[in-house]
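S.K.: My structure is below; once you've seen it, I'll send some questions.
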4 protein chains.
Amino acid sequence: MKYTIFGESHGPAIGVTLSGIPAGIELDLAAIQRELDRRAPGRNPWSTARKEADRPELLSGVFEGKTTGAPLCAVIANTDTRSQDYARTKDLARPGHADYPAFVRYGGFHDYRGGGHFSGRLTAPLVFAGAVAKQVLALRGVRVGGHISSIYGICDDPLEDWESLSAAADKPFPVLNDQKGEEMKAAIAQAREELDSVGGSVECAVFGLPPGLGSPDFGENAEGIFSQYLFAVPAVKAVAFGAGTAFSLMRGSEANDPLYVDEDGTVLAEHNCAGGINGGITNGMPLVFEATLRPTPSIARPQFTVDLAKGENAVLELRGRHDPCLVPRAVPVLEAAAALAACDLLGV
Amino acid sequence: MKYTIFGESHGPAIGVTLSGIPAGIELDLAAIQRELDRRAPGRNPWSTARKEADRPELLSGVFEGKTTGAPLCAVIANTDTRSQDYARTKDLARPGHADYPAFVRYGGFHDYRGGGHFSGRLTAPLVFAGAVAKQVLALRGVRVGGHISSIYGICDDPLEDWESLSAAADKPFPVLNDQKGEEMKAAIAQAREELDSVGGSVECAVFGLPPGLGSPDFGENAEGIFSQYLFAVPAVKAVAFGAGTAFSLMRGSEANDPLYVDEDGTVLAEHNCAGGINGGITNGMPLVFEATLRPTPSIARPQFTVDLAKGENAVLELRGRHDPCLVPRAVPVLEAAAALAACDLLGV
Amino acid sequence: MKYTIFGESHGPAIGVTLSGIPAGIELDLAAIQRELDRRAPGRNPWSTARKEADRPELLSGVFEGKTTGAPLCAVIANTDTRSQDYARTKDLARPGHADYPAFVRYGGFHDYRGGGHFSGRLTAPLVFAGAVAKQVLALRGVRVGGHISSIYGICDDPLEDWESLSAAADKPFPVLNDQKGEEMKAAIAQAREELDSVGGSVECAVFGLPPGLGSPDFGENAEGIFSQYLFAVPAVKAVAFGAGTAFSLMRGSEANDPLYVDEDGTVLAEHNCAGGINGGITNGMPLVFEATLRPTPSIARPQFTVDLAKGENAVLELRGRHDPCLVPRAVPVLEAAAALAACDLLGV
Amino acid sequence: MKYTIFGESHGPAIGVTLSGIPAGIELDLAAIQRELDRRAPGRNPWSTARKEADRPELLSGVFEGKTTGAPLCAVIANTDTRSQDYARTKDLARPGHADYPAFVRYGGFHDYRGGGHFSGRLTAPLVFAGAVAKQVLALRGVRVGGHISSIYGICDDPLEDWESLSAAADKPFPVLNDQKGEEMKAAIAQAREELDSVGGSVECAVFGLPPGLGSPDFGENAEGIFSQYLFAVPAVKAVAFGAGTAFSLMRGSEANDPLYVDEDGTVLAEHNCAGGINGGITNGMPLVFEATLRPTPSIARPQFTVDLAKGENAVLELRGRHDPCLVPRAVPVLEAAAALAACDLLGV
């Protein structure tokens, strides 16, 4: 499965073209909508006030309710667009955003309104694609789940199994430990009050992947394949598998997962420091990763920056509607990226 | 430039085929050899005792000392191989290694001796390819450097500029702060004494990349491109750009790099939390990343594991020659991976 | 530039997602429409009676009339669909069509109505993409033209220059020699009367490509790159460059194009047997190819075939609206494929 | 399976790196050598007098006689090199060769001796790779065969089945009809006497491919995949599937292969005009194609050309050793390309 996401935040529509879907899959459109709703804005104090129904229209690739095997194009109309918010500051490169590199890359011709093609809104079609991928995976016994693992240094409990992640997915604020969730919300609320934003991290797991997928070689190793999908999610700046950066603090005797054979003859590991991957190949344990997301770059405080049209220093005061923390809405997005990566690894 | 690394640790030879090298580059073979020597084993108490000259033979792609533009194949003979070390334990999956997933992936037909194609020895041809890439980059004013950023929790000073990294590259133990280096060496020595190993991390920077390379889209974003090269280095389990995982502890007001125009009209950032990349596109600041490496999985302590031939639980006692810490020799390897990634991003 | 065509003949819409378009190109929508009109059905006795306005709607990638550099999605609604024509014969594999292999490939889940995703109608978005590519090429001084080179053995004059192809493009029946065109039309009309169809060929040339594009290697050679685009056009069964299959009848002394230097120091060839390519690399002469198209497989005569649902032999009598010859409408389609291939070769 | 061919005609060695070979295949080295011998020069009056043993050395990817699943690198040493033949005319672009476009492409830095990386000698590693691919295919019941279908207008009988192609493969001059073969040899001999060369064509078939491989879409269709492999063979200028260019002379009623069910329930076609592919997907019939090869460009007659160093018109008189016809030795090369393409289509 290959995907191409198109659209700009304030253009007529956003969407995704998804090729290589196996034929004959009865798409559960309600389940797709639930995933989109998990990501949708305008529902909580910690997300932007922009309201979008995010109802995808399927233009192709589905016939009589089932996938045809031909490319599927899904389109989501943009409705609640307030472009005038952006014209005032269009030449001022927003710090932490891609405005300046995009200005160079696209010669100033990119759609600047609301971040254009760089907008977090473009994660809606990614969630759509991931929701399709999840249904493809489910038929192979593979499931993907995630949770907020930290916000501004406040950590959720470590993930244990699919059931707890599945329960977290039904919460408006997807954590395992709700008390920690309340602390995180407080940190977000305080940042918002102070016209600021906060960063955090999301941990996901893919359960049910068979051992033997991937290779040690460039372009084929499981970590490399996953990371390419994960870094395509806006605001992700770090990706770690299993024990991740904690490996740098460990001894081999702690980091090596001892192996054993269970009663069915399956080879399992006592711990899962490796995050389900050794030498670029899946080992049958859950594939676990953590992605770190930077704080929302759009903040209402005055910021020093550059007027790209004039080539002069300037001060930016942003208005508009912005999440003070991207992490809660990013959970279904990273699950989507992981689901697409898992399909890639499985050769679906 | 595309590369394919071939070879097994105890086969006749290892090597790399490198396509897409620009024609007419006068290869500095001494500089290539210096990079290989930085990685070579057998020179220090903290590296394996295996000694290999690692002299690459160029079979193609070079004519009268200059690259022809056709694929270059470089071969490095294996000489100091002691295969008998491995036969005794060949059915025992080494914990932390790819033995079990490789057994599934390759049906038990992979060359098990010394890790076979999974061996760290395969990073020698990667360093060769990276050394060529560095010469291609140098002609475009792009330079790559790295240092040990931490071992077992002992941190080197943060990187500042090309000159200090260049000085570190000449040291047998490539750190910026030699006192910290001594502490790291002591931690390695102690782990070795206790028949154990330690992990750590490497920080690298690419200086001189122009702004405007990459895109926010899947397969084209700068972080995604780099991460694919970095995770192809054995033992790398986490990759972070700029402030990396520390973004999860930050506010937007700290994480947003304020922009300004210098006297030449160049747009620069006050800090470089973004690590030279915004929205998947380079911004002209140094591209900075950190890669975390797990502790060497080969340790001499007895470990619980599985006999893959018998399908039974077993205890493994490894002999052979192993680095108690992979990190020092990994610095030139990660620089090589970064150099190849930078060429990819530049469309070389 | 990469494209993904989506849609089915009788689904809600067809379209194309086009990535990698350079930013800042002022799209000439009227020129795009002219290309679509050259391909559009329902205008001539030699094409199907199905009438479609084929007005593309741009969902993304264009802002204030210019390309943004982000993926462009163009959608063309399906309006004149008569699905009932197809239900009657849906289990009967149409000989010469992909019905049987598609049945195997997609497990019977593909949209069978009007050929579904296999329909010649899907060449409309391809023409759209090619029209964008032509505008990208024009800014680099590269132009693409084509003509019907033969139908049922009646041959047009050989192509000479851009001007004559450009004049042919304005004709409803794009040939260089109109008298030959009348003979071709008569052959088509006679085939139609006899409830049959005829095949033919299209010759195209790309003018203005610089020398030095491509490589002898797999995946990079100019003929290989072009052929992949050309064989993606439905009904194309043979692709030949320059003298093409006539090379098999030639001596080296005839086939070798003698070279000379013109007054500007440009190296040119006396003839162009090579079709602008030697050793997989462009040589600066016009890149010339011929594509052979099979006769329309949909014919009204009774045909022996198989009922795929019953697994029994059967006789098929097709109704519906079909071109008795695909070749005239295929000229802009092959030009589009060539334009996309030329962009690929140029690294646009 | 992906391959990279490296080497230059007069460099130290040529070879191929082949990735993605399934593990556990017991390589039949004698069979590989037989394929190399079919292509090898110096054995017949119609081939160049250069003699090369063409004994491949396997550097990796094979352990205890079986493939490991890791990349296999095979190297063939160059021994019978007479570089002085080439120095005299090195600045004179040989008409019909890639000298001029390579000069532009590689800035004059390519190895000019004996055609360098463009040499027909580079087809030896391609035959090696194809011989491995044939063994992979044989385990899936897929077989590839070919024959000379025409030389200078003298046509062999049309191919019928695997047995006759297999018998042809054992002949020094691989035709089905030996009397036609004698006529072809006479045409070659006469061209050689007249210091000239002749072109021709090769027809191949892949037997045993299951139906349902490929797709109508760009990059996935069976003709497109095959053509990319076939055009990577030097001197190939046209590729046609099934009835090929004869489709342009046909009516639909002739071109449509009527379908029927055989006693086992298999869907078969009466004829095979489609060459085993409909709509870009295999249909279970033999996949048949014809490739046209241009006459050997190296001829001993004086030819008008350009001195690239001086930028002046010049006359070239070539010496050296050249085949007066490439076609006989090209049969195993095109079979090799077809075998690699078939593996690609099968997803091996």
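Ligands are numbered from 1 in the order shown, residues from 1 within each chain, and chains are lettered A, B, ... in the order they appear in the structure tokens.
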Residues of chain C no more than 9 Å from chain B, counting only C-alpha atoms: send them over as a VMD selection string.

M.R.: chain C and resid 70 215 217

S.K.: With C-alpha atoms retained, could you export that selection as a PDB file, in the first residue's frame?

M.R.:
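Heads up, here's the output in result.pdb:
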ATOM      1  CA  ALA C  70       2.495  20.332  -3.123  1.00  0.00           C
ATOM      2  CA  SER C 215      22.388   5.940 -18.223  1.00  0.00           C
ATOM      3  CA  ASP C 217      22.023   0.886 -16.247  1.00  0.00           C
TER       4      ASP C 217
END

S.K.: Kindly assemble as a tab-separated table a list of the segment 103-193 of chain A residues that lie within 12 Å of segment 22-46 of chain C, each paired with its nearest atom pair and their distance in Å to one decimal, using only C-alpha atoms, sorted first by chain and then by ascending residue number.

M.R.:
residue	atom	partner	partner_atom	distance
A:Phe103	CA	C:Ala23	CA	10.4
A:Val104	CA	C:Ala23	CA	10.6
A:Arg105	CA	C:Ala23	CA	8.5
A:Tyr106	CA	C:Ala23	CA	5.3
A:Gly107	CA	C:Ala23	CA	6.8
A:Gly108	CA	C:Gly24	CA	8.0
A:Phe109	CA	C:Gly24	CA	5.3
A:His110	CA	C:Ala23	CA	7.3
A:Asp111	CA	C:Ala23	CA	10.5

S.K.: Let's see if you can do this: from backbone DSSP, list all strand (DSSP E or B) residues in segment 12-71 of chain A, as a ChimeraX atom specification.

M.R.: /A:13-19,26,57-58,62-63,66-67

S.K.: Give me the residues within 7 Å of Ile5 of chain C as a list of chain:residue names, counting only C-alpha atoms and dropping any in the same chain fewer than 6 places off.

M.R.: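 Within the cut-off, the hits are C:Gly15, C:Val16, C:Thr17, C:Pro125.
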
S.K.: Could you find all residues in segment 133-342 of chain B that DSSP calls alpha helix (DSSP H) from the backbone, and write them as a PyMOL selection string?

M.R.: chain B and resi 133-138+162-169+178-193+222-231+252-255+327-342

S.K.: For segment 118-122 of chain C, list every protein, DNA or RNA residue within 8 Å, evaluated using only C-alpha atoms, and leave out those in the same chain fewer than 4 positions away; present the list as a PyMOL selection string.

M.R.: (chain C and resi 5-9+14-15+98+114+126+234) or (chain D and resi 216+279)

S.K.: Those residues with all heavy atoms, as a compact mmCIF listing (two decimals), in the first residue's frame please?

M.R.:
# COMPACT_ATOMS: atom_id res chain seq x y z
N ILE C 5 -3.18 7.43 -10.88
CA ILE C 5 -4.51 7.60 -11.48
C ILE C 5 -5.49 6.76 -10.69
O ILE C 5 -5.21 5.61 -10.36
CB ILE C 5 -4.46 7.22 -12.96
CG1 ILE C 5 -3.76 8.34 -13.72
CG2 ILE C 5 -5.86 6.96 -13.51
CD1 ILE C 5 -3.53 8.07 -15.16
N PHE C 6 -6.63 7.36 -10.38
CA PHE C 6 -7.65 6.61 -9.65
C PHE C 6 -8.98 6.71 -10.37
O PHE C 6 -9.17 7.58 -11.23
CB PHE C 6 -7.77 7.12 -8.20
CG PHE C 6 -8.07 8.59 -8.07
CD1 PHE C 6 -9.39 9.05 -8.14
CD2 PHE C 6 -7.06 9.51 -7.88
CE1 PHE C 6 -9.68 10.41 -8.02
CE2 PHE C 6 -7.34 10.88 -7.76
CZ PHE C 6 -8.65 11.32 -7.84
N GLY C 7 -9.89 5.83 -10.00
CA GLY C 7 -11.23 5.90 -10.55
C GLY C 7 -11.63 4.68 -11.35
O GLY C 7 -10.80 3.89 -11.77
N GLU C 8 -12.94 4.56 -11.51
CA GLU C 8 -13.52 3.50 -12.32
C GLU C 8 -14.50 4.15 -13.30
O GLU C 8 -15.08 5.19 -13.00
CB GLU C 8 -14.24 2.47 -11.43
CG GLU C 8 -13.28 1.49 -10.75
CD GLU C 8 -12.87 1.89 -9.34
OE1 GLU C 8 -13.45 2.86 -8.78
OE2 GLU C 8 -11.95 1.25 -8.78
N SER C 9 -14.67 3.50 -14.41
CA SER C 9 -15.48 4.06 -15.49
C SER C 9 -16.88 4.48 -15.03
O SER C 9 -17.40 5.49 -15.47
CB SER C 9 -15.58 3.02 -16.60
OG SER C 9 -16.39 3.47 -17.64
N ILE C 14 -13.26 10.03 -11.68
CA ILE C 14 -11.90 9.59 -11.97
C ILE C 14 -10.97 10.77 -11.71
O ILE C 14 -11.43 11.90 -11.60
CB ILE C 14 -11.77 9.09 -13.42
CG1 ILE C 14 -12.17 10.20 -14.40
CG2 ILE C 14 -12.63 7.86 -13.65
CD1 ILE C 14 -11.99 9.83 -15.86
N GLY C 15 -9.69 10.50 -11.63
CA GLY C 15 -8.79 11.62 -11.38
C GLY C 15 -7.36 11.18 -11.27
O GLY C 15 -7.01 10.02 -11.54
N ALA C 98 -9.07 -7.49 -19.99
CA ALA C 98 -8.42 -7.99 -18.77
C ALA C 98 -9.40 -8.70 -17.84
O ALA C 98 -9.03 -9.02 -16.71
CB ALA C 98 -7.76 -6.83 -18.04
N GLY C 114 -18.20 -1.28 -17.35
CA GLY C 114 -17.50 -0.47 -18.34
C GLY C 114 -16.00 -0.61 -18.28
O GLY C 114 -15.26 0.28 -18.68
N LEU C 126 -4.84 10.83 -17.22
CA LEU C 126 -3.46 10.74 -17.71
C LEU C 126 -3.17 11.92 -18.65
O LEU C 126 -2.09 12.53 -18.59
CB LEU C 126 -3.25 9.40 -18.42
CG LEU C 126 -1.88 9.13 -19.03
CD1 LEU C 126 -0.75 9.31 -18.03
CD2 LEU C 126 -1.82 7.71 -19.61
N PRO C 234 -3.28 1.93 -21.82
CA PRO C 234 -4.01 0.72 -22.21
C PRO C 234 -3.91 0.47 -23.72
O PRO C 234 -3.90 1.41 -24.51
CB PRO C 234 -5.46 1.04 -21.82
CG PRO C 234 -5.39 2.13 -20.82
CD PRO C 234 -4.15 2.90 -21.13
N PRO D 216 -2.96 -2.82 -14.02
CA PRO D 216 -2.96 -1.87 -15.14
C PRO D 216 -2.18 -0.59 -14.84
O PRO D 216 -1.91 0.18 -15.76
CB PRO D 216 -4.46 -1.56 -15.31
CG PRO D 216 -5.06 -1.81 -13.98
CD PRO D 216 -4.27 -2.94 -13.38
N GLY D 279 -4.35 -6.20 -20.20
CA GLY D 279 -4.54 -5.10 -19.26
C GLY D 279 -3.42 -5.01 -18.24
O GLY D 279 -3.62 -4.57 -17.11

S.K.: If we count only C-alpha atoms and set the cut-off at 9 Å, which residues sit around segment 220-230 of chain D, ignoring sequence neighbours fewer than 6 positions away in its own chain? Please answer as a PyMOL selection string.

M.R.: (chain C and resi 218-219+221+223-232+237-239) or (chain D and resi 213-214+236+239-241+277-282+291+334+337-338+340-342+344-345)

S.K.: Write a file of the selected residues as a compact mmCIF listing (two decimals), in the first residue's frame, keeping C-alpha atoms.

M.R.:
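New file selection.txt:
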# COMPACT_ATOMS: atom_id res chain seq x y z
CA PHE C 218 18.80 -0.82 -15.29
CA GLY C 219 16.16 1.62 -14.11
CA ASN C 221 18.20 4.09 -19.25
CA GLU C 223 14.37 3.70 -23.35
CA GLY C 224 13.50 1.82 -20.16
CA ILE C 225 12.11 4.94 -18.50
CA PHE C 226 10.02 5.87 -21.52
CA SER C 227 8.75 2.35 -22.08
CA GLN C 228 7.41 2.10 -18.55
CA TYR C 229 5.25 5.19 -19.13
CA LEU C 230 4.18 4.06 -22.60
CA PHE C 231 3.17 0.53 -21.64
CA ALA C 232 1.02 2.01 -18.86
CA LYS C 237 1.59 -3.80 -27.00
CA ALA C 238 4.85 -2.70 -28.63
CA VAL C 239 7.24 0.20 -28.19
CA LEU D 213 0.38 -10.99 -11.79
CA GLY D 214 0.71 -7.28 -12.49
CA VAL D 236 17.73 -3.45 -27.79
CA VAL D 239 10.13 -4.54 -27.44
CA ALA D 240 6.85 -6.17 -28.46
CA PHE D 241 4.52 -8.52 -26.63
CA ILE D 277 -0.81 -10.37 -20.79
CA ASN D 278 -4.14 -8.51 -20.83
CA GLY D 279 -4.54 -5.10 -19.26
CA GLY D 280 -1.08 -5.35 -17.73
CA ILE D 281 -1.87 -8.61 -15.89
CA THR D 282 -0.68 -12.11 -16.76
CA ALA D 291 13.20 -7.71 -28.77
CA LEU D 334 17.49 -11.63 -23.13
CA ALA D 337 16.59 -10.22 -18.47
CA ALA D 338 13.28 -12.04 -18.81
CA LEU D 340 14.85 -11.31 -13.67
CA ALA D 341 11.65 -9.59 -14.85
CA ALA D 342 9.63 -12.71 -14.10
CA ASP D 344 10.08 -9.15 -10.16
CA LEU D 345 6.54 -9.84 -11.36

S.K.: As a PyMOL selection string, please: the residues near Lys134 of chain C (cut-off 8 Å, only C-alpha atoms, same-chain neighbours under 5 positions excluded).

M.R.: chain C and resi 142-144+336+339-340

S.K.: Within 7 Å of Gly252 of chain D, counting only C-alpha atoms, which residues show up once you throw out same-chain ones fewer than 6 positions away? Write them as a PyMOL selection string, please.

M.R.: chain C and resi 196-198+295-297+299

S.K.: Write a file of the just-selected residues containing all heavy atoms, as a PDB file, in the first residue's frame.

M.R.:
ATOM      1  N   ASP C 196     -16.612  -4.918 -36.288  1.00  0.00           N
ATOM      2  CA  ASP C 196     -15.240  -5.271 -35.921  1.00  0.00           C
ATOM      3  C   ASP C 196     -14.475  -3.996 -35.561  1.00  0.00           C
ATOM      4  O   ASP C 196     -15.069  -2.899 -35.492  1.00  0.00           O
ATOM      5  CB  ASP C 196     -14.581  -5.981 -37.111  1.00  0.00           C
ATOM      6  CG  ASP C 196     -13.607  -7.072 -36.683  1.00  0.00           C
ATOM      7  OD1 ASP C 196     -13.066  -6.966 -35.569  1.00  0.00           O
ATOM      8  OD2 ASP C 196     -13.405  -8.016 -37.472  1.00  0.00           O
ATOM      9  N   SER C 197     -13.200  -4.138 -35.311  1.00  0.00           N
ATOM     10  CA  SER C 197     -12.365  -3.002 -34.936  1.00  0.00           C
ATOM     11  C   SER C 197     -11.002  -3.167 -35.600  1.00  0.00           C
ATOM     12  O   SER C 197     -10.708  -4.231 -36.143  1.00  0.00           O
ATOM     13  CB  SER C 197     -12.210  -2.935 -33.417  1.00  0.00           C
ATOM     14  OG  SER C 197     -11.537  -4.084 -32.941  1.00  0.00           O
ATOM     15  N   VAL C 198     -10.176  -2.118 -35.552  1.00  0.00           N
ATOM     16  CA  VAL C 198      -8.845  -2.214 -36.163  1.00  0.00           C
ATOM     17  C   VAL C 198      -7.784  -1.616 -35.243  1.00  0.00           C
ATOM     18  O   VAL C 198      -8.069  -0.741 -34.432  1.00  0.00           O
ATOM     19  CB  VAL C 198      -8.761  -1.483 -37.532  1.00  0.00           C
ATOM     20  CG1 VAL C 198      -9.466  -2.287 -38.611  1.00  0.00           C
ATOM     21  CG2 VAL C 198      -9.317  -0.068 -37.444  1.00  0.00           C
ATOM     22  N   PRO C 295      -6.162  -3.669 -31.749  1.00  0.00           N
ATOM     23  CA  PRO C 295      -7.534  -3.271 -32.091  1.00  0.00           C
ATOM     24  C   PRO C 295      -8.399  -3.247 -30.830  1.00  0.00           C
ATOM     25  O   PRO C 295      -8.143  -4.011 -29.894  1.00  0.00           O
ATOM     26  CB  PRO C 295      -8.000  -4.382 -33.041  1.00  0.00           C
ATOM     27  CG  PRO C 295      -6.762  -5.079 -33.510  1.00  0.00           C
ATOM     28  CD  PRO C 295      -5.751  -4.911 -32.424  1.00  0.00           C
ATOM     29  N   THR C 296      -9.397  -2.371 -30.816  1.00  0.00           N
ATOM     30  CA  THR C 296     -10.338  -2.350 -29.692  1.00  0.00           C
ATOM     31  C   THR C 296     -10.840  -3.757 -29.420  1.00  0.00           C
ATOM     32  O   THR C 296     -11.375  -4.406 -30.310  1.00  0.00           O
ATOM     33  CB  THR C 296     -11.578  -1.497 -30.054  1.00  0.00           C
ATOM     34  OG1 THR C 296     -11.144  -0.326 -30.737  1.00  0.00           O
ATOM     35  CG2 THR C 296     -12.360  -1.120 -28.822  1.00  0.00           C
ATOM     36  N   PRO C 297     -10.684  -4.253 -28.204  1.00  0.00           N
ATOM     37  CA  PRO C 297     -11.161  -5.610 -27.952  1.00  0.00           C
ATOM     38  C   PRO C 297     -12.692  -5.728 -27.913  1.00  0.00           C
ATOM     39  O   PRO C 297     -13.226  -6.810 -28.181  1.00  0.00           O
ATOM     40  CB  PRO C 297     -10.535  -5.967 -26.602  1.00  0.00           C
ATOM     41  CG  PRO C 297     -10.073  -4.691 -26.001  1.00  0.00           C
ATOM     42  CD  PRO C 297      -9.891  -3.699 -27.090  1.00  0.00           C
ATOM     43  N   ILE C 299     -15.890  -5.764 -29.431  1.00  0.00           N
ATOM     44  CA  ILE C 299     -16.525  -5.808 -30.747  1.00  0.00           C
ATOM     45  C   ILE C 299     -17.889  -6.460 -30.601  1.00  0.00           C
ATOM     46  O   ILE C 299     -18.128  -7.230 -29.666  1.00  0.00           O
ATOM     47  CB  ILE C 299     -15.670  -6.564 -31.786  1.00  0.00           C
ATOM     48  CG1 ILE C 299     -15.358  -7.981 -31.296  1.00  0.00           C
ATOM     49  CG2 ILE C 299     -14.379  -5.794 -32.090  1.00  0.00           C
ATOM     50  CD1 ILE C 299     -14.587  -8.823 -32.311  1.00  0.00           C
TER      51      ILE C 299
END

S.K.: Report the distance between atom CA of Val136 of chain D and atom CA of Ala205 of chain D in Å, rounded to one decimal place.

M.R.: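 Answer for the atom CA of Val136 of chain D to atom CA of Ala205 of chain D separation: 16.6 Å.
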
S.K.: Expressed in Å to a single decimal, how great is the separation between atom CA of Gly276 of chain A and atom CA of Thr305 of chain B?

M.R.: 16.1 Å

S.K.: Calculated over only C-alpha atoms, which of the candidates B:Glu335, B:Asp257, B:Asp54, B:Glu317 has the smallest distance to Arg94 of chain B?

M.R.: B:Glu317

S.K.: Find, counting only C-alpha atoms, the residue in C:Leu326, C:Cys273, C:Val315, C:Val331 that gets nearest to Pro95 of chain D.

M.R.: C:Cys273
